[in-house]
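Q: First the structure, then my questions, so here it is.
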Amino acid sequence: MLKKIFKKTPGKSKQIAKRDHKIQLEQTSKAARDICERLQSKGHQAYMVGGCIRDLLSGINPKDFDVATSATPEQVVRLFSRARIIGRRFRIVHVRQGRELIEVTTFRAHHTQGKDRHGKQSDSGMLVRDNVYGSLEEDAMRRDFTCNAFYFDPSNETLYDMCNGFADLKDGILQTIGDPYERFKEDPVRMLRAIRFESKLDLELDEESQDALSINRHMLSEVSPARLFDEVIKVLMTAHADVAYNMLVETRLFDQLFPASAEAIEIDAGTARFVELAMRNTVDRIQQDKGVAPFFLYAAILWPPTKLAYEEFTQGGMSPFEAMEAAGRMTMERQLPRITIPKRFTLPIMEVWKLQTLLPRTTAKRAARTADHPRFRAAYDFLLLREESGEDTENLGHWWTEYQKTNPVSKKEFSNSKAGGKNRRRRRRPNRNRAESGNNDSGNKESGNS
Ligand code: ATP
Ligand code: MG
């Protein structure tokens, strides 16, 4: 009960001195420091704010620095030569300093506290516009979690801890500012942000917020599909993708985001394992400084329903390539109303899936063509994950691993030789010839076009 009262009226802000917060100025962005200094020199309040300070306190290198100020966007723009106002939902100013880009936001108030009409809520209580300016205290209250309501003043190196986030971080607790039911309802993306911060910072959402999340999870469907595309990437394309994924599944937020995948995973345990492995693979790649691509992430998450439909279509007599194309299209049709996956990603996703049906064709000519495909490497990695998750591909991954090791001159020989085929257990498939000949045209086109 006490906790509840506290949550609704967070304690007074605390000033934390350098000896306690231990943030060194050199750890902060020079551009953000300069911007704060300039704004302050003109009589405005200005602080480094939010995630960057939270990360520094957690021993993590912040990926970007944000500044919060009492100056209005118009006042900010007038003070910097390379600055422009962006956004409608949240008007912010992008200020370029050297090579850095700093987001400068004007203090905002929760719209019900404001005096003008620049804030707006939908019928379900969702905040659709939030441009009511306010004081620093009000600005802190409209932020999502206590550990995101830090304000650092570089001029005196004082940390303003507005909602007890310092103690929460120390205790490993993630809690919303104010009533979690209201805060999640106001902006359901905060539920995804909760998973992001829990996994990234090894925090645990407090019990009341957990309950609120489970009650409000269906509200995710009210978030604009375009916004969800980025948010999913922010949660899952990280060095904690595996933990975050498990949390999404446990909280059933995953069902809200990817209903077709959630259903398919229930039916086919192998695909559940596949997605888990893909998440672990993401973690490994990030830890090894290898690239991770959004299209690969989405291709993996959407593989379970695609695979099920593919199997159904091939059993119904379609050729593998056609079946995959139809299955992929079906998955996309179901997914796109939930999450807008831009076309520049849906195309490579489809390519990776379709290549799964071309990889088994290992004659010299075919193999060379497949290996030349711009998505070959991704498709090969995808194949290895399928095998690792228990799918029987007749040792195809090993074949392609060996194929890539041979030098270009001997590749033709390799594909035609016994050695090339030695490690593959060939199994006769009914209709194999018919399926292959049915494939030829589309296969060629696919490789040639991309
Ligand atoms: P990251 O390290 O991923 O950038 P972040 O906390 O900095 O995490 P941003 O999206 O950069 O996330 O947001 C900056 C700050 O703005 C947050 O720390 C938080 O105070 C506030 N904020 C961002 N999104 C929301 C939201 N949906 N609701 C309330 N406050 C938010
Ligand atoms: Mg940030």
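Chain labels follow the order of the structure tokens: the first chain is A, the next B, and so on; residue numbering restarts at 1 in every chain, and ligands are counted from 1 in their shown order.
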Using only C-alpha atoms and all ligand atoms, which protein or nucleic acid residues are at most 10 Å from ligand 2, as a PyMOL selection string?

A: chain A and resi 49-55+62-66+102-103+148

Q: Those residues with all heavy atoms, as a CSV table (one decimal), in the first residue's frame please?

A:
chain,number,residue,atom,x,y,z
A,49,VAL,N,20.0,14.5,-20.1
A,49,VAL,CA,18.9,13.9,-19.5
A,49,VAL,C,18.6,12.5,-19.9
A,49,VAL,O,19.1,12.1,-21.0
A,49,VAL,CB,17.6,14.8,-19.8
A,49,VAL,CG1,17.3,14.7,-21.3
A,49,VAL,CG2,16.4,14.4,-18.9
A,50,GLY,N,18.0,11.7,-19.0
A,50,GLY,CA,17.4,10.4,-19.4
A,50,GLY,C,18.4,9.3,-19.6
A,50,GLY,O,19.3,9.2,-18.8
A,51,GLY,N,18.3,8.6,-20.7
A,51,GLY,CA,19.0,7.3,-20.9
A,51,GLY,C,20.5,7.4,-20.8
A,51,GLY,O,21.2,6.5,-20.3
A,52,CYS,N,21.0,8.6,-21.3
A,52,CYS,CA,22.5,8.7,-21.3
A,52,CYS,C,23.0,8.7,-19.8
A,52,CYS,O,24.1,8.0,-19.5
A,52,CYS,CB,23.0,9.9,-22.0
A,52,CYS,SG,22.3,11.5,-21.5
A,53,ILE,N,22.3,9.4,-19.0
A,53,ILE,CA,22.8,9.4,-17.6
A,53,ILE,C,22.6,8.1,-16.9
A,53,ILE,O,23.4,7.6,-16.2
A,53,ILE,CB,22.1,10.6,-16.8
A,53,ILE,CG1,22.3,11.9,-17.5
A,53,ILE,CG2,22.5,10.6,-15.4
A,53,ILE,CD1,23.7,12.3,-17.8
A,54,ARG,N,21.4,7.5,-17.1
A,54,ARG,CA,21.1,6.1,-16.6
A,54,ARG,C,22.2,5.2,-17.0
A,54,ARG,O,22.7,4.4,-16.2
A,54,ARG,CB,19.7,5.7,-17.2
A,54,ARG,CG,19.3,4.3,-16.9
A,54,ARG,CD,18.3,3.8,-17.9
A,54,ARG,NE,19.0,3.6,-19.2
A,54,ARG,CZ,18.4,3.9,-20.4
A,54,ARG,NH1,17.1,4.3,-20.4
A,54,ARG,NH2,19.0,3.7,-21.5
A,55,ASP,N,22.6,5.2,-18.3
A,55,ASP,CA,23.6,4.3,-18.8
A,55,ASP,C,25.0,4.5,-18.1
A,55,ASP,O,25.6,3.6,-17.6
A,55,ASP,CB,23.8,4.4,-20.3
A,55,ASP,CG,22.6,3.7,-21.0
A,55,ASP,OD1,21.7,3.1,-20.3
A,55,ASP,OD2,22.6,3.7,-22.3
A,62,PRO,N,26.9,5.3,-23.1
A,62,PRO,CA,25.7,5.7,-23.8
A,62,PRO,C,25.9,5.8,-25.3
A,62,PRO,O,26.9,6.2,-25.8
A,62,PRO,CB,25.4,7.1,-23.2
A,62,PRO,CG,26.3,7.3,-22.1
A,62,PRO,CD,27.5,6.4,-22.3
A,63,LYS,N,24.8,5.4,-26.1
A,63,LYS,CA,24.9,5.5,-27.5
A,63,LYS,C,24.6,6.9,-28.0
A,63,LYS,O,25.1,7.3,-29.1
A,63,LYS,CB,24.1,4.4,-28.2
A,63,LYS,CG,22.6,4.5,-28.1
A,63,LYS,CD,22.0,3.5,-29.0
A,63,LYS,CE,20.5,3.2,-28.6
A,63,LYS,NZ,19.7,4.4,-28.5
A,64,ASP,N,23.8,7.6,-27.3
A,64,ASP,CA,23.6,9.0,-27.6
A,64,ASP,C,23.2,9.8,-26.4
A,64,ASP,O,22.9,9.3,-25.3
A,64,ASP,CB,22.5,9.2,-28.7
A,64,ASP,CG,21.3,8.3,-28.3
A,64,ASP,OD1,20.9,8.3,-27.2
A,64,ASP,OD2,20.7,7.7,-29.3
A,65,PHE,N,23.4,11.2,-26.5
A,65,PHE,CA,23.1,12.1,-25.4
A,65,PHE,C,22.0,13.0,-25.8
A,65,PHE,O,21.9,13.5,-26.9
A,65,PHE,CB,24.4,12.9,-25.1
A,65,PHE,CG,25.4,12.2,-24.3
A,65,PHE,CD1,26.2,11.3,-24.9
A,65,PHE,CD2,25.5,12.3,-22.9
A,65,PHE,CE1,27.2,10.5,-24.2
A,65,PHE,CE2,26.4,11.6,-22.2
A,65,PHE,CZ,27.2,10.7,-22.8
A,66,ASP,N,21.0,13.1,-24.8
A,66,ASP,CA,19.9,14.0,-25.0
A,66,ASP,C,20.0,15.2,-24.1
A,66,ASP,O,20.6,15.1,-23.0
A,66,ASP,CB,18.6,13.3,-24.8
A,66,ASP,CG,18.4,12.1,-25.8
A,66,ASP,OD1,18.8,12.3,-26.9
A,66,ASP,OD2,17.9,11.1,-25.3
A,102,ILE,N,22.7,16.0,-31.5
A,102,ILE,CA,22.1,16.0,-30.2
A,102,ILE,C,20.6,16.3,-30.2
A,102,ILE,O,20.2,17.3,-30.9
A,102,ILE,CB,22.8,17.0,-29.2
A,102,ILE,CG1,24.3,16.7,-29.2
A,102,ILE,CG2,22.2,17.0,-27.8
A,102,ILE,CD1,24.7,15.4,-28.5
A,103,GLU,N,19.8,15.6,-29.6
A,103,GLU,CA,18.3,15.9,-29.5
A,103,GLU,C,18.1,16.8,-28.3
A,103,GLU,O,18.5,16.5,-27.2
A,103,GLU,CB,17.5,14.6,-29.3
A,103,GLU,CG,17.2,13.9,-30.6
A,103,GLU,CD,16.3,12.7,-30.5
A,103,GLU,OE1,15.7,12.5,-29.4
A,103,GLU,OE2,16.1,12.0,-31.5
A,148,ASN,N,14.9,6.9,-15.7
A,148,ASN,CA,15.1,7.8,-16.9
A,148,ASN,C,14.8,9.2,-16.5
A,148,ASN,O,14.7,10.0,-17.5
A,148,ASN,CB,14.1,7.3,-18.0
A,148,ASN,CG,14.6,6.1,-18.7
A,148,ASN,OD1,15.8,5.8,-18.6
A,148,ASN,ND2,13.8,5.4,-19.4

Q: Env of Ala264 (chain A): 12 Å cut, atoms = only C-alpha atoms, seq-sep filter 2 positions within chain, self excluded. Answer as a list of chain:residue names.

A: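 What passes the distance filter is A:Asp255, A:Phe258, A:Pro259, A:Ala260, A:Ser261, A:Ala262, A:Glu266, A:Ile267, A:Asp268, A:Ala269, A:Gly270, A:Thr271, A:Ala272, A:Arg273, A:Phe274, A:Val275, A:Ile301, A:Leu302, A:Trp303, A:Pro304, A:Pro305, A:Thr306, A:Lys307, A:Leu308, A:Ala309, A:Thr331.
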
Q: How would the residues just picked look written out with N, CA, C and O atoms as a CSV table (one decimal), in the first residue's frame?

A:
chain,number,residue,atom,x,y,z
A,255,ASP,N,2.9,-12.3,-28.4
A,255,ASP,CA,1.7,-12.7,-29.1
A,255,ASP,C,1.0,-11.4,-29.7
A,255,ASP,O,0.4,-11.5,-30.8
A,258,PHE,N,3.5,-10.5,-32.8
A,258,PHE,CA,3.6,-11.5,-33.9
A,258,PHE,C,2.7,-12.6,-33.7
A,258,PHE,O,3.1,-13.7,-33.3
A,259,PRO,N,1.4,-12.3,-33.9
A,259,PRO,CA,0.4,-13.4,-33.5
A,259,PRO,C,0.6,-14.7,-34.3
A,259,PRO,O,0.4,-15.8,-33.8
A,260,ALA,N,0.9,-14.5,-35.6
A,260,ALA,CA,1.1,-15.8,-36.4
A,260,ALA,C,2.3,-16.6,-36.0
A,260,ALA,O,2.2,-17.8,-35.9
A,261,SER,N,3.3,-15.9,-35.6
A,261,SER,CA,4.5,-16.6,-35.1
A,261,SER,C,4.2,-17.3,-33.8
A,261,SER,O,4.6,-18.4,-33.5
A,262,ALA,N,3.5,-16.6,-32.9
A,262,ALA,CA,3.2,-17.1,-31.6
A,262,ALA,C,2.3,-18.4,-31.8
A,262,ALA,O,2.6,-19.4,-31.1
A,266,GLU,N,3.6,-22.6,-31.1
A,266,GLU,CA,2.9,-23.5,-30.2
A,266,GLU,C,2.7,-24.9,-30.9
A,266,GLU,O,2.7,-25.9,-30.3
A,267,ILE,N,2.6,-24.8,-32.2
A,267,ILE,CA,2.3,-26.1,-33.0
A,267,ILE,C,3.6,-26.8,-33.3
A,267,ILE,O,3.7,-28.0,-33.2
A,268,ASP,N,4.7,-26.1,-33.6
A,268,ASP,CA,6.0,-26.7,-34.0
A,268,ASP,C,7.1,-26.3,-33.1
A,268,ASP,O,7.6,-25.2,-33.2
A,269,ALA,N,7.5,-27.1,-32.1
A,269,ALA,CA,8.5,-26.8,-31.1
A,269,ALA,C,9.8,-26.5,-31.8
A,269,ALA,O,10.6,-25.7,-31.2
A,270,GLY,N,10.1,-27.1,-32.9
A,270,GLY,CA,11.3,-26.9,-33.6
A,270,GLY,C,11.5,-25.4,-34.0
A,270,GLY,O,12.5,-24.8,-33.9
A,271,THR,N,10.4,-24.8,-34.4
A,271,THR,CA,10.4,-23.4,-34.8
A,271,THR,C,10.7,-22.5,-33.6
A,271,THR,O,11.3,-21.4,-33.7
A,272,ALA,N,10.2,-22.9,-32.4
A,272,ALA,CA,10.4,-22.2,-31.2
A,272,ALA,C,11.9,-22.2,-30.9
A,272,ALA,O,12.5,-21.1,-30.6
A,273,ARG,N,12.5,-23.3,-31.1
A,273,ARG,CA,13.9,-23.5,-30.9
A,273,ARG,C,14.7,-22.6,-31.9
A,273,ARG,O,15.7,-22.0,-31.6
A,274,PHE,N,14.2,-22.6,-33.1
A,274,PHE,CA,14.8,-21.8,-34.2
A,274,PHE,C,14.9,-20.4,-33.8
A,274,PHE,O,16.0,-19.7,-33.9
A,275,VAL,N,13.8,-19.8,-33.4
A,275,VAL,CA,13.8,-18.4,-33.0
A,275,VAL,C,14.7,-18.1,-31.8
A,275,VAL,O,15.5,-17.1,-31.8
A,301,ILE,N,12.1,-14.3,-37.0
A,301,ILE,CA,10.9,-14.3,-36.2
A,301,ILE,C,9.7,-14.7,-36.9
A,301,ILE,O,8.8,-15.4,-36.4
A,302,LEU,N,9.6,-14.4,-38.2
A,302,LEU,CA,8.5,-14.8,-39.0
A,302,LEU,C,8.6,-16.1,-39.7
A,302,LEU,O,7.7,-16.5,-40.5
A,303,TRP,N,9.7,-16.8,-39.4
A,303,TRP,CA,9.9,-18.1,-40.1
A,303,TRP,C,8.9,-19.2,-39.6
A,303,TRP,O,8.3,-19.9,-40.4
A,304,PRO,N,8.5,-19.2,-38.3
A,304,PRO,CA,7.6,-20.3,-37.9
A,304,PRO,C,6.3,-20.4,-38.7
A,304,PRO,O,6.0,-21.5,-39.3
A,305,PRO,N,5.5,-19.3,-38.9
A,305,PRO,CA,4.3,-19.5,-39.7
A,305,PRO,C,4.6,-19.7,-41.2
A,305,PRO,O,3.9,-20.4,-41.9
A,306,THR,N,5.8,-19.2,-41.7
A,306,THR,CA,6.1,-19.4,-43.1
A,306,THR,C,6.5,-20.9,-43.3
A,306,THR,O,6.0,-21.4,-44.3
A,307,LYS,N,7.2,-21.4,-42.4
A,307,LYS,CA,7.6,-22.8,-42.5
A,307,LYS,C,6.3,-23.7,-42.5
A,307,LYS,O,6.2,-24.6,-43.4
A,308,LEU,N,5.4,-23.5,-41.6
A,308,LEU,CA,4.2,-24.3,-41.5
A,308,LEU,C,3.4,-24.2,-42.8
A,308,LEU,O,3.0,-25.2,-43.4
A,309,ALA,N,3.2,-23.0,-43.3
A,309,ALA,CA,2.4,-22.8,-44.5
A,309,ALA,C,3.2,-23.5,-45.7
A,309,ALA,O,2.6,-24.1,-46.6
A,331,THR,N,2.4,-14.9,-44.8
A,331,THR,CA,2.9,-14.4,-43.5
A,331,THR,C,2.9,-12.9,-43.5
A,331,THR,O,2.5,-12.3,-42.5

Q: Compile the contact shell of Arg190 (chain A) as an NGL selection string: residues with an atom at most 8 Å away, counting only C-alpha atoms, same-chain residues fewer than 5 positions apart removed.

A: :A and (144 or 183-184)

Q: Quick one, how far is CA of Ser41 (chain A) from CA of Met162 (chain A)?

A: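 These two atoms are separated by 23.7 Å.
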
Q: Please run DSSP on the backbone and report, as a ChimeraX atom specification, all residues within region 159-203 of chain A that come out as strand (DSSP E or B).

A: /A:159-161,173-174,176

Q: Nearest to ligand 1 among A:Ala71, A:Val235, A:Ala368, A:Ala327, with distances taken over only C-alpha atoms and all ligand atoms: which residue is it?

A: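 Nearest candidate to ligand 1 out of A:Ala71, A:Val235, A:Ala368, A:Ala327: A:Val235.
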
Q: Excluding same-chain residues fewer than 6 positions from Lys170 (chain A), what lies within 12 Å of it counting only C-alpha atoms, as a list in words?

A: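 Neighbouring residues, sequence-local ones excluded: His21, Arg54, Leu57, Ser58, Gly59, Thr146, Cys147, Asn164, Leu201, Asp202, Leu203 and Glu204 of chain A.
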
Q: For Leu384 (chain A), please output as number ranges by chain all residues within 12 Å (counting only C-alpha atoms; exclusion window: fewer than 6 positions along the same chain).

A: A: 274, 277-278, 281, 356, 359, 377-378, 390-401

Q: CA of Asp211 (chain A) to CA of Ser199 (chain A): how many Å, to one decimal?

A: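 These two atoms are separated by 18.1 Å.
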
Q: For Phe80 (chain A), please output as a compact mmCIF listing (two decimals) with N, CA, C and O atoms, in the first residue's frame all residues within 10 Å (counting only C-alpha atoms; exclusion window: fewer than 4 positions along the same chain).

A:
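The file below, result04.txt, is the result:
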# COMPACT_ATOMS: atom_id res chain seq x y z
N ILE A 35 26.25 22.45 -25.82
CA ILE A 35 24.87 22.91 -26.02
C ILE A 35 24.28 23.38 -24.69
O ILE A 35 23.64 24.44 -24.61
N ARG A 38 25.77 26.79 -23.80
CA ARG A 38 25.23 27.91 -24.59
C ARG A 38 23.81 28.27 -24.14
O ARG A 38 23.48 29.44 -24.00
N LEU A 39 23.00 27.25 -23.94
CA LEU A 39 21.62 27.51 -23.50
C LEU A 39 21.63 28.22 -22.14
O LEU A 39 20.91 29.19 -21.92
N GLN A 75 13.29 28.99 -29.64
CA GLN A 75 14.44 29.65 -29.00
C GLN A 75 15.71 28.84 -29.22
O GLN A 75 16.78 29.40 -29.45
N VAL A 76 15.60 27.52 -29.17
CA VAL A 76 16.78 26.66 -29.37
C VAL A 76 17.31 26.86 -30.79
O VAL A 76 18.51 27.09 -30.99
N ARG A 84 17.42 22.10 -36.36
CA ARG A 84 16.09 22.17 -36.97
C ARG A 84 15.07 21.41 -36.13
O ARG A 84 15.41 20.44 -35.45
N HIS A 94 16.87 18.98 -33.44
CA HIS A 94 18.13 18.29 -33.72
C HIS A 94 19.21 19.34 -33.86
O HIS A 94 19.12 20.21 -34.74
N VAL A 95 20.21 19.26 -33.03
CA VAL A 95 21.31 20.22 -33.13
C VAL A 95 22.57 19.45 -33.52
O VAL A 95 22.94 18.47 -32.86
N ARG A 96 23.20 19.88 -34.58
CA ARG A 96 24.46 19.27 -35.01
C ARG A 96 25.62 20.08 -34.47
O ARG A 96 25.68 21.31 -34.63
N GLN A 97 26.55 19.38 -33.83
CA GLN A 97 27.77 20.02 -33.32
C GLN A 97 28.90 19.13 -33.78
O GLN A 97 29.00 17.99 -33.32

Q: Would you tabulate, counting only C-alpha atoms, all residues of region 194-233 of chain A that have an atom at most 9 Å from an atom of region 251-254 of chain A, showing the closest pair of atoms and their distance in Å to one decimal, sorted by chain then ascending number, as JSON lines?

A:
{"residue": "A:Gln210", "atom": "CA", "partner": "A:Thr251", "partner_atom": "CA", "distance": 8.6}
{"residue": "A:Leu213", "atom": "CA", "partner": "A:Thr251", "partner_atom": "CA", "distance": 7.9}
{"residue": "A:Ser214", "atom": "CA", "partner": "A:Thr251", "partner_atom": "CA", "distance": 6.5}
{"residue": "A:Arg217", "atom": "CA", "partner": "A:Leu253", "partner_atom": "CA", "distance": 6.0}
{"residue": "A:His218", "atom": "CA", "partner": "A:Leu253", "partner_atom": "CA", "distance": 7.9}
{"residue": "A:Leu220", "atom": "CA", "partner": "A:Leu253", "partner_atom": "CA", "distance": 7.8}

Q: Between CA of Thr363 (chain A) and CA of Ala326 (chain A), measure the distance and give it in Å to one decimal.

A: 25.5 Å

Q: With DSSP run on the backbone, what are the alpha helix (DSSP H) residues within region 58-291 of chain A? I'd like them as a VMD selection string.

A: chain A and resid 73 to 79 136 to 141 165 to 171 180 to 186 189 to 201 207 to 216 225 to 236 241 to 251 253 to 257 259 to 267 269 to 287
